[in-house]
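This is my_file-v5.pdb (PDB, C-alpha atoms, pLDDT in the B column).
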```
ATOM      1  CA  MET A  22       0.000   0.000   0.000  1.00 49.00           C
ATOM      2  CA  GLN A  23       2.855   2.396   0.794  1.00 54.00           C
ATOM      3  CA  ARG A  24       4.134   2.325  -2.775  1.00 65.00           C
ATOM      4  CA  PHE A  25       0.917   3.946  -4.032  1.00 68.00           C
ATOM      5  CA  LEU A  26       1.222   6.974  -1.748  1.00 64.00           C
ATOM      6  CA  THR A  27       2.645  10.181  -3.163  1.00 68.00           C
ATOM      7  CA  ASP A  28       5.187  12.214  -1.239  1.00 69.00           C
ATOM      8  CA  ARG A  29       2.480  14.715  -0.340  1.00 65.00           C
ATOM      9  CA  LYS A  30       0.172  11.984   0.965  1.00 64.00           C
ATOM     10  CA  ARG A  31       2.965  10.591   3.122  1.00 64.00           C
ATOM     11  CA  ALA A  32       3.757  14.071   4.494  1.00 65.00           C
ATOM     12  CA  THR A  33       0.140  14.916   5.378  1.00 62.00           C
ATOM     13  CA  GLY A  34      -0.406  11.511   6.987  1.00 55.00           C
ATOM     14  CA  LEU A  35       1.337  12.861  10.107  1.00 50.00           C
ATOM     15  CA  GLY A  36       2.900   9.500  10.894  1.00 52.00           C
ATOM     16  CA  SER A  37       1.391   6.581  12.767  1.00 55.00           C
ATOM     17  CA  GLY A  38       0.304   8.684  15.733  1.00 55.00           C
ATOM     18  CA  HIS A  39      -1.399  11.281  13.513  1.00 58.00           C
ATOM     19  CA  ASP A  40      -0.246  14.139  15.740  1.00 63.00           C
ATOM     20  CA  GLY A  41       3.484  14.520  15.125  1.00 67.00           C
ATOM     21  CA  THR A  42       3.115  17.873  13.418  1.00 76.00           C
ATOM     22  CA  HIS A  43       1.117  19.251  16.346  1.00 78.00           C
ATOM     23  CA  HIS A  44       3.846  18.268  18.826  1.00 79.00           C
ATOM     24  CA  HIS A  45       6.511  19.733  16.577  1.00 83.00           C
ATOM     25  CA  TRP A  46       4.747  23.085  16.235  1.00 86.00           C
ATOM     26  CA  GLN A  47       3.950  23.164  19.944  1.00 87.00           C
ATOM     27  CA  MET A  48       7.632  22.749  20.757  1.00 89.00           C
ATOM     28  CA  MET A  49       8.675  25.287  18.109  1.00 92.00           C
ATOM     29  CA  VAL A  50       6.323  27.934  19.519  1.00 92.00           C
ATOM     30  CA  SER A  51       7.403  27.332  23.111  1.00 93.00           C
ATOM     31  CA  SER A  52      11.059  27.393  22.006  1.00 94.00           C
ATOM     32  CA  MET A  53      10.522  30.778  20.356  1.00 95.00           C
ATOM     33  CA  ALA A  54       8.841  32.005  23.527  1.00 94.00           C
ATOM     34  CA  ILE A  55      11.847  30.861  25.568  1.00 96.00           C
ATOM     35  CA  VAL A  56      14.209  32.713  23.213  1.00 96.00           C
ATOM     36  CA  VAL A  57      12.371  35.920  24.144  1.00 95.00           C
ATOM     37  CA  VAL A  58      11.591  35.169  27.798  1.00 95.00           C
ATOM     38  CA  ALA A  59      14.886  33.643  29.009  1.00 95.00           C
ATOM     39  CA  PRO A  60      17.163  36.691  28.508  1.00 96.00           C
ATOM     40  CA  ILE A  61      14.573  38.997  30.088  1.00 96.00           C
ATOM     41  CA  PHE A  62      14.233  36.569  33.004  1.00 95.00           C
ATOM     42  CA  PHE A  63      17.989  36.250  33.577  1.00 95.00           C
ATOM     43  CA  VAL A  64      18.594  40.009  33.459  1.00 95.00           C
ATOM     44  CA  THR A  65      15.634  40.725  35.752  1.00 94.00           C
ATOM     45  CA  PHE A  66      16.657  37.984  38.170  1.00 93.00           C
ATOM     46  CA  ALA A  67      20.310  39.094  38.248  1.00 94.00           C
ATOM     47  CA  LEU A  68      19.349  42.708  38.910  1.00 93.00           C
ATOM     48  CA  GLY A  69      17.116  41.589  41.767  1.00 91.00           C
ATOM     49  CA  LEU A  70      19.837  39.754  43.656  1.00 90.00           C
ATOM     50  CA  GLN A  71      21.737  42.873  44.634  1.00 86.00           C
ATOM     51  CA  GLY A  72      21.176  44.249  48.107  1.00 87.00           C
ATOM     52  CA  SER A  73      19.847  43.101  51.434  1.00 91.00           C
ATOM     53  CA  TYR A  74      16.962  40.706  52.009  1.00 90.00           C
ATOM     54  CA  GLU A  75      14.439  43.540  52.347  1.00 91.00           C
ATOM     55  CA  GLU A  76      15.649  45.172  49.118  1.00 92.00           C
ATOM     56  CA  VAL A  77      15.411  41.875  47.224  1.00 91.00           C
ATOM     57  CA  VAL A  78      11.862  41.244  48.476  1.00 90.00           C
ATOM     58  CA  ALA A  79      10.895  44.832  47.617  1.00 92.00           C
ATOM     59  CA  TYR A  80      12.356  44.431  44.110  1.00 93.00           C
ATOM     60  CA  PHE A  81      10.498  41.190  43.391  1.00 92.00           C
ATOM     61  CA  SER A  82       7.268  42.559  44.848  1.00 92.00           C
ATOM     62  CA  ARG A  83       6.974  45.093  42.018  1.00 93.00           C
ATOM     63  CA  PRO A  84       4.097  44.159  39.684  1.00 93.00           C
ATOM     64  CA  GLY A  85       6.139  44.283  36.465  1.00 93.00           C
ATOM     65  CA  ILE A  86       8.902  42.130  37.890  1.00 94.00           C
ATOM     66  CA  ALA A  87       6.388  39.653  39.307  1.00 95.00           C
ATOM     67  CA  ILE A  88       4.690  39.349  35.905  1.00 95.00           C
ATOM     68  CA  ILE A  89       8.040  38.674  34.205  1.00 95.00           C
ATOM     69  CA  MET A  90       8.788  35.980  36.792  1.00 95.00           C
ATOM     70  CA  VAL A  91       5.356  34.344  36.370  1.00 96.00           C
ATOM     71  CA  ILE A  92       5.550  34.275  32.571  1.00 96.00           C
ATOM     72  CA  SER A  93       9.098  32.916  32.672  1.00 96.00           C
ATOM     73  CA  LEU A  94       8.204  30.241  35.200  1.00 96.00           C
ATOM     74  CA  VAL A  95       5.193  28.958  33.267  1.00 96.00           C
ATOM     75  CA  VAL A  96       6.788  29.059  29.799  1.00 95.00           C
ATOM     76  CA  ILE A  97      10.048  27.387  30.820  1.00 95.00           C
ATOM     77  CA  ILE A  98       8.562  24.657  33.031  1.00 96.00           C
ATOM     78  CA  ARG A  99       5.859  23.787  30.484  1.00 95.00           C
ATOM     79  CA  HIS A 100       8.479  23.521  27.739  1.00 95.00           C
ATOM     80  CA  VAL A 101      10.672  21.266  29.866  1.00 95.00           C
ATOM     81  CA  MET A 102       7.601  19.206  30.818  1.00 95.00           C
ATOM     82  CA  HIS A 103       6.700  18.604  27.166  1.00 92.00           C
ATOM     83  CA  GLU A 104      10.292  17.650  26.360  1.00 93.00           C
ATOM     84  CA  ALA A 105      10.375  15.206  29.283  1.00 95.00           C
ATOM     85  CA  LEU A 106       7.003  13.721  28.300  1.00 93.00           C
ATOM     86  CA  GLU A 107       8.271  13.198  24.759  1.00 90.00           C
ATOM     87  CA  ALA A 108      11.384  11.436  26.072  1.00 93.00           C
ATOM     88  CA  VAL A 109       9.305   9.191  28.336  1.00 95.00           C
ATOM     89  CA  GLU A 110       6.934   8.331  25.465  1.00 90.00           C
ATOM     90  CA  ASP A 111       9.898   7.410  23.270  1.00 89.00           C
ATOM     91  CA  TYR A 112      11.981   5.388  25.731  1.00 94.00           C
ATOM     92  CA  VAL A 113       9.774   4.037  28.546  1.00 94.00           C
ATOM     93  CA  HIS A 114       6.969   1.635  27.677  1.00 93.00           C
ATOM     94  CA  GLY A 115       4.179  -0.209  29.462  1.00 94.00           C
ATOM     95  CA  VAL A 116       3.059   0.509  33.007  1.00 96.00           C
ATOM     96  CA  PRO A 117       6.347   2.186  34.006  1.00 95.00           C
ATOM     97  CA  GLY A 118       5.917   4.550  31.048  1.00 95.00           C
ATOM     98  CA  LYS A 119       2.392   5.491  32.077  1.00 96.00           C
ATOM     99  CA  LEU A 120       3.509   6.041  35.669  1.00 97.00           C
ATOM    100  CA  ALA A 121       6.440   8.149  34.464  1.00 96.00           C
ATOM    101  CA  LEU A 122       4.090  10.281  32.340  1.00 96.00           C
ATOM    102  CA  VAL A 123       1.871  10.894  35.357  1.00 97.00           C
ATOM    103  CA  GLY A 124       4.896  11.611  37.561  1.00 97.00           C
ATOM    104  CA  VAL A 125       6.452  14.085  35.135  1.00 97.00           C
ATOM    105  CA  THR A 126       3.133  15.876  34.667  1.00 97.00           C
ATOM    106  CA  TRP A 127       2.438  16.093  38.400  1.00 98.00           C
ATOM    107  CA  ALA A 128       5.980  17.206  39.218  1.00 97.00           C
ATOM    108  CA  SER A 129       5.810  19.928  36.575  1.00 97.00           C
ATOM    109  CA  TYR A 130       2.503  21.315  37.786  1.00 97.00           C
ATOM    110  CA  ILE A 131       3.643  21.159  41.410  1.00 98.00           C
ATOM    111  CA  LEU A 132       6.751  23.177  40.460  1.00 97.00           C
ATOM    112  CA  ILE A 133       4.564  25.729  38.692  1.00 97.00           C
ATOM    113  CA  PHE A 134       2.203  25.938  41.678  1.00 98.00           C
ATOM    114  CA  VAL A 135       5.019  26.329  44.206  1.00 97.00           C
ATOM    115  CA  GLY A 136       6.696  28.975  42.037  1.00 96.00           C
ATOM    116  CA  LEU A 137       3.456  30.918  41.576  1.00 96.00           C
ATOM    117  CA  PHE A 138       2.792  30.719  45.312  1.00 96.00           C
ATOM    118  CA  ALA A 139       6.275  32.058  46.106  1.00 94.00           C
ATOM    119  CA  ILE A 140       5.946  34.896  43.602  1.00 93.00           C
ATOM    120  CA  ALA A 141       2.469  35.779  44.854  1.00 93.00           C
ATOM    121  CA  ARG A 142       3.660  35.715  48.450  1.00 92.00           C
ATOM    122  CA  MET A 143       6.435  38.192  47.653  1.00 90.00           C
ATOM    123  CA  ALA A 144       4.285  40.370  45.403  1.00 88.00           C
ATOM    124  CA  LEU A 145       1.344  40.702  47.794  1.00 85.00           C
TER     125      LEU A 145
END
```
Exercise: express the given structure as structure tokens:
Amino acid sequence: MQRFLTDRKRATGLGSGHDGTHHHWQMMVSSMAIVVVAPIFFVTFALGLQGSYEEVVAYFSRPGIAIIMVISLVVIIRHVMHEALEAVEDYVHGVPGKLALVGVTWASYILIFVGLFAIARMAL
């Protein structure tokens, strides 16, 4: 049957899972977001580490800084989560694979929640 498919038909078939293109574009978009967010995050974070404890807390409690931290946290952790899920899907199979998928997902969302809680605690 494969020999009757044209190159275009093979390309639009999206592979056996029928969602490879979606995963690829999802990772491309989040990678582009990281290219923008990461330098802003690192500069903002580095500038905030100067001074005493009270000055650092006051710096990170500013609304603009808190928003940068929240966006950076969510974009970076979600990107890493999707990369880890893809690796687990590729290399771990059966029940251990399903448990690893659940574990990676839960760990990622717990990290996001803890980070958002910490940022909110400083900002409010």
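For the structure shown here, the set of residues caught by the PyMOL selection byres ((chain A and resi 69-86) around 9) is Val64, Thr65, Phe66, Ala67, Leu68, Ala87, Ile88, Ile89, Met90, Val91, Ile140, Ala141, Arg142, Met143, Ala144 and Leu145 of chain A.
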With all atoms of region 49-64 of chain A from the file as input, state the centre and edge lengths in Å to one decimal of the axis-aligned box that has 4 Å extra on each side, as JSON.
```
{"center_x": 12.5, "center_y": 32.6, "center_z": 25.8, "size_x": 20.3, "size_y": 22.7, "size_z": 23.5}
```
Inset, instruction - Could you tell me which residues the PyMOL selection byres ((chain A and resi 121-124) around 12) returns for this structure, as a ChimeraX atom specification? - result: /A:102-120,125-131
Using only C-alpha atoms, please write the residues we just selected to a file, as a short mmCIF file (atom, residue, chain, number, x, y, z; two decimals), in the frame of the given file.
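Wrote it out as part-v3.cif, contents follow:
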```cif
data_model
loop_
_atom_site.label_atom_id
_atom_site.label_comp_id
_atom_site.auth_asym_id
_atom_site.auth_seq_id
_atom_site.Cartn_x
_atom_site.Cartn_y
_atom_site.Cartn_z
CA MET A 102 7.60 19.21 30.82
CA HIS A 103 6.70 18.60 27.17
CA GLU A 104 10.29 17.65 26.36
CA ALA A 105 10.38 15.21 29.28
CA LEU A 106 7.00 13.72 28.30
CA GLU A 107 8.27 13.20 24.76
CA ALA A 108 11.38 11.44 26.07
CA VAL A 109 9.30 9.19 28.34
CA GLU A 110 6.93 8.33 25.46
CA ASP A 111 9.90 7.41 23.27
CA TYR A 112 11.98 5.39 25.73
CA VAL A 113 9.77 4.04 28.55
CA HIS A 114 6.97 1.64 27.68
CA GLY A 115 4.18 -0.21 29.46
CA VAL A 116 3.06 0.51 33.01
CA PRO A 117 6.35 2.19 34.01
CA GLY A 118 5.92 4.55 31.05
CA LYS A 119 2.39 5.49 32.08
CA LEU A 120 3.51 6.04 35.67
CA VAL A 125 6.45 14.08 35.14
CA THR A 126 3.13 15.88 34.67
CA TRP A 127 2.44 16.09 38.40
CA ALA A 128 5.98 17.21 39.22
CA SER A 129 5.81 19.93 36.58
CA TYR A 130 2.50 21.32 37.79
CA ILE A 131 3.64 21.16 41.41
#
```
Inset, instruction - Would you work out the distance separating CA of Met53 (chain A) from CA of Ile92 (chain A), expressed in Å to one decimal? - result: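 Computed distance, CA of Met53 (chain A) to CA of Ile92 (chain A), equals 13.6 Å.
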Legend entry - Of the listed residues A:Val95, A:His100, A:Gln47, A:Val58, that which approaches Val135 (chain A) most closely, counting only C-alpha atoms: A:Val95
Legend entry - Point-to-point distance from CA of Val96 (chain A) to CA of Ala59 (chain A), Å rounded to tenths: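 CA of Val96 (chain A) sits 9.3 Å away from CA of Ala59 (chain A).
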Legend entry - Pairwise distance for CA of Arg99 (chain A) and CA of Phe62 (chain A), rounded to one decimal in Å: 15.5 Å
N, CA, C and O atoms are needed for region 53-78 of chain A; please write them out as a PDB file, in the frame of the given file.
```pdb
ATOM      1  N   MET A  53      10.431  29.359  20.721  1.00 95.00           N
ATOM      2  CA  MET A  53      10.522  30.778  20.356  1.00 95.00           C
ATOM      3  C   MET A  53      10.167  31.668  21.543  1.00 95.00           C
ATOM      4  O   MET A  53      10.777  32.725  21.736  1.00 95.00           O
ATOM      5  N   ALA A  54       9.198  31.234  22.336  1.00 94.00           N
ATOM      6  CA  ALA A  54       8.841  32.005  23.527  1.00 94.00           C
ATOM      7  C   ALA A  54      10.002  32.029  24.514  1.00 94.00           C
ATOM      8  O   ALA A  54      10.285  33.066  25.129  1.00 94.00           O
ATOM      9  N   ILE A  55      10.702  30.914  24.655  1.00 96.00           N
ATOM     10  CA  ILE A  55      11.847  30.861  25.568  1.00 96.00           C
ATOM     11  C   ILE A  55      12.972  31.760  25.079  1.00 96.00           C
ATOM     12  O   ILE A  55      13.664  32.395  25.885  1.00 96.00           O
ATOM     13  N   VAL A  56      13.161  31.831  23.761  1.00 96.00           N
ATOM     14  CA  VAL A  56      14.209  32.713  23.213  1.00 96.00           C
ATOM     15  C   VAL A  56      13.957  34.159  23.631  1.00 96.00           C
ATOM     16  O   VAL A  56      14.899  34.910  23.913  1.00 96.00           O
ATOM     17  N   VAL A  57      12.705  34.554  23.727  1.00 95.00           N
ATOM     18  CA  VAL A  57      12.371  35.920  24.144  1.00 95.00           C
ATOM     19  C   VAL A  57      12.391  36.053  25.662  1.00 95.00           C
ATOM     20  O   VAL A  57      12.931  37.010  26.215  1.00 95.00           O
ATOM     21  N   VAL A  58      11.799  35.072  26.351  1.00 95.00           N
ATOM     22  CA  VAL A  58      11.591  35.169  27.798  1.00 95.00           C
ATOM     23  C   VAL A  58      12.871  34.954  28.600  1.00 95.00           C
ATOM     24  O   VAL A  58      13.110  35.651  29.596  1.00 95.00           O
ATOM     25  N   ALA A  59      13.712  34.008  28.201  1.00 95.00           N
ATOM     26  CA  ALA A  59      14.886  33.643  29.009  1.00 95.00           C
ATOM     27  C   ALA A  59      15.851  34.806  29.247  1.00 95.00           C
ATOM     28  O   ALA A  59      16.247  35.042  30.396  1.00 95.00           O
ATOM     29  N   PRO A  60      16.250  35.573  28.220  1.00 96.00           N
ATOM     30  CA  PRO A  60      17.163  36.691  28.508  1.00 96.00           C
ATOM     31  C   PRO A  60      16.540  37.748  29.424  1.00 96.00           C
ATOM     32  O   PRO A  60      17.220  38.263  30.322  1.00 96.00           O
ATOM     33  N   ILE A  61      15.256  38.019  29.219  1.00 96.00           N
ATOM     34  CA  ILE A  61      14.573  38.997  30.088  1.00 96.00           C
ATOM     35  C   ILE A  61      14.551  38.474  31.519  1.00 96.00           C
ATOM     36  O   ILE A  61      14.810  39.218  32.472  1.00 96.00           O
ATOM     37  N   PHE A  62      14.255  37.181  31.676  1.00 95.00           N
ATOM     38  CA  PHE A  62      14.233  36.569  33.004  1.00 95.00           C
ATOM     39  C   PHE A  62      15.594  36.660  33.679  1.00 95.00           C
ATOM     40  O   PHE A  62      15.699  37.067  34.842  1.00 95.00           O
ATOM     41  N   PHE A  63      16.659  36.263  32.968  1.00 95.00           N
ATOM     42  CA  PHE A  63      17.989  36.250  33.577  1.00 95.00           C
ATOM     43  C   PHE A  63      18.455  37.646  33.966  1.00 95.00           C
ATOM     44  O   PHE A  63      19.030  37.834  35.046  1.00 95.00           O
ATOM     45  N   VAL A  64      18.201  38.632  33.129  1.00 95.00           N
ATOM     46  CA  VAL A  64      18.594  40.009  33.459  1.00 95.00           C
ATOM     47  C   VAL A  64      17.801  40.503  34.661  1.00 95.00           C
ATOM     48  O   VAL A  64      18.366  41.072  35.608  1.00 95.00           O
ATOM     49  N   THR A  65      16.488  40.286  34.640  1.00 94.00           N
ATOM     50  CA  THR A  65      15.634  40.725  35.752  1.00 94.00           C
ATOM     51  C   THR A  65      16.037  40.042  37.048  1.00 94.00           C
ATOM     52  O   THR A  65      16.122  40.678  38.103  1.00 94.00           O
ATOM     53  N   PHE A  66      16.279  38.742  36.982  1.00 93.00           N
ATOM     54  CA  PHE A  66      16.657  37.984  38.170  1.00 93.00           C
ATOM     55  C   PHE A  66      18.004  38.437  38.704  1.00 93.00           C
ATOM     56  O   PHE A  66      18.171  38.617  39.921  1.00 93.00           O
ATOM     57  N   ALA A  67      18.973  38.656  37.818  1.00 94.00           N
ATOM     58  CA  ALA A  67      20.310  39.094  38.248  1.00 94.00           C
ATOM     59  C   ALA A  67      20.259  40.476  38.887  1.00 94.00           C
ATOM     60  O   ALA A  67      20.938  40.729  39.888  1.00 94.00           O
ATOM     61  N   LEU A  68      19.465  41.366  38.324  1.00 93.00           N
ATOM     62  CA  LEU A  68      19.349  42.708  38.910  1.00 93.00           C
ATOM     63  C   LEU A  68      18.680  42.671  40.285  1.00 93.00           C
ATOM     64  O   LEU A  68      18.954  43.526  41.130  1.00 93.00           O
ATOM     65  N   GLY A  69      17.824  41.678  40.497  1.00 91.00           N
ATOM     66  CA  GLY A  69      17.116  41.589  41.767  1.00 91.00           C
ATOM     67  C   GLY A  69      17.933  41.011  42.900  1.00 91.00           C
ATOM     68  O   GLY A  69      17.552  41.125  44.066  1.00 91.00           O
ATOM     69  N   LEU A  70      19.052  40.404  42.609  1.00 90.00           N
ATOM     70  CA  LEU A  70      19.837  39.754  43.656  1.00 90.00           C
ATOM     71  C   LEU A  70      20.822  40.679  44.353  1.00 90.00           C
ATOM     72  O   LEU A  70      21.597  40.230  45.178  1.00 90.00           O
ATOM     73  N   GLN A  71      20.820  41.930  43.996  1.00 86.00           N
ATOM     74  CA  GLN A  71      21.737  42.873  44.634  1.00 86.00           C
ATOM     75  C   GLN A  71      21.048  43.517  45.827  1.00 86.00           C
ATOM     76  O   GLN A  71      19.913  43.954  45.737  1.00 86.00           O
ATOM     77  N   GLY A  72      21.723  43.572  46.942  1.00 87.00           N
ATOM     78  CA  GLY A  72      21.176  44.249  48.107  1.00 87.00           C
ATOM     79  C   GLY A  72      20.833  43.302  49.231  1.00 87.00           C
ATOM     80  O   GLY A  72      21.073  42.094  49.181  1.00 87.00           O
ATOM     81  N   SER A  73      20.226  43.871  50.247  1.00 91.00           N
ATOM     82  CA  SER A  73      19.847  43.101  51.434  1.00 91.00           C
ATOM     83  C   SER A  73      18.561  42.313  51.159  1.00 91.00           C
ATOM     84  O   SER A  73      17.927  42.450  50.118  1.00 91.00           O
ATOM     85  N   TYR A  74      18.175  41.519  52.133  1.00 90.00           N
ATOM     86  CA  TYR A  74      16.962  40.706  52.009  1.00 90.00           C
ATOM     87  C   TYR A  74      15.735  41.567  51.748  1.00 90.00           C
ATOM     88  O   TYR A  74      14.922  41.269  50.873  1.00 90.00           O
ATOM     89  N   GLU A  75      15.596  42.651  52.495  1.00 91.00           N
ATOM     90  CA  GLU A  75      14.439  43.540  52.347  1.00 91.00           C
ATOM     91  C   GLU A  75      14.409  44.190  50.966  1.00 91.00           C
ATOM     92  O   GLU A  75      13.344  44.342  50.363  1.00 91.00           O
ATOM     93  N   GLU A  76      15.583  44.560  50.449  1.00 92.00           N
ATOM     94  CA  GLU A  76      15.649  45.172  49.118  1.00 92.00           C
ATOM     95  C   GLU A  76      15.292  44.161  48.029  1.00 92.00           C
ATOM     96  O   GLU A  76      14.605  44.511  47.060  1.00 92.00           O
ATOM     97  N   VAL A  77      15.732  42.919  48.202  1.00 91.00           N
ATOM     98  CA  VAL A  77      15.411  41.875  47.224  1.00 91.00           C
ATOM     99  C   VAL A  77      13.912  41.607  47.221  1.00 91.00           C
ATOM    100  O   VAL A  77      13.280  41.519  46.162  1.00 91.00           O
ATOM    101  N   VAL A  78      13.307  41.479  48.385  1.00 90.00           N
ATOM    102  CA  VAL A  78      11.862  41.244  48.476  1.00 90.00           C
ATOM    103  C   VAL A  78      11.099  42.436  47.891  1.00 90.00           C
ATOM    104  O   VAL A  78      10.114  42.253  47.165  1.00 90.00           O
TER     105      VAL A  78
END
```
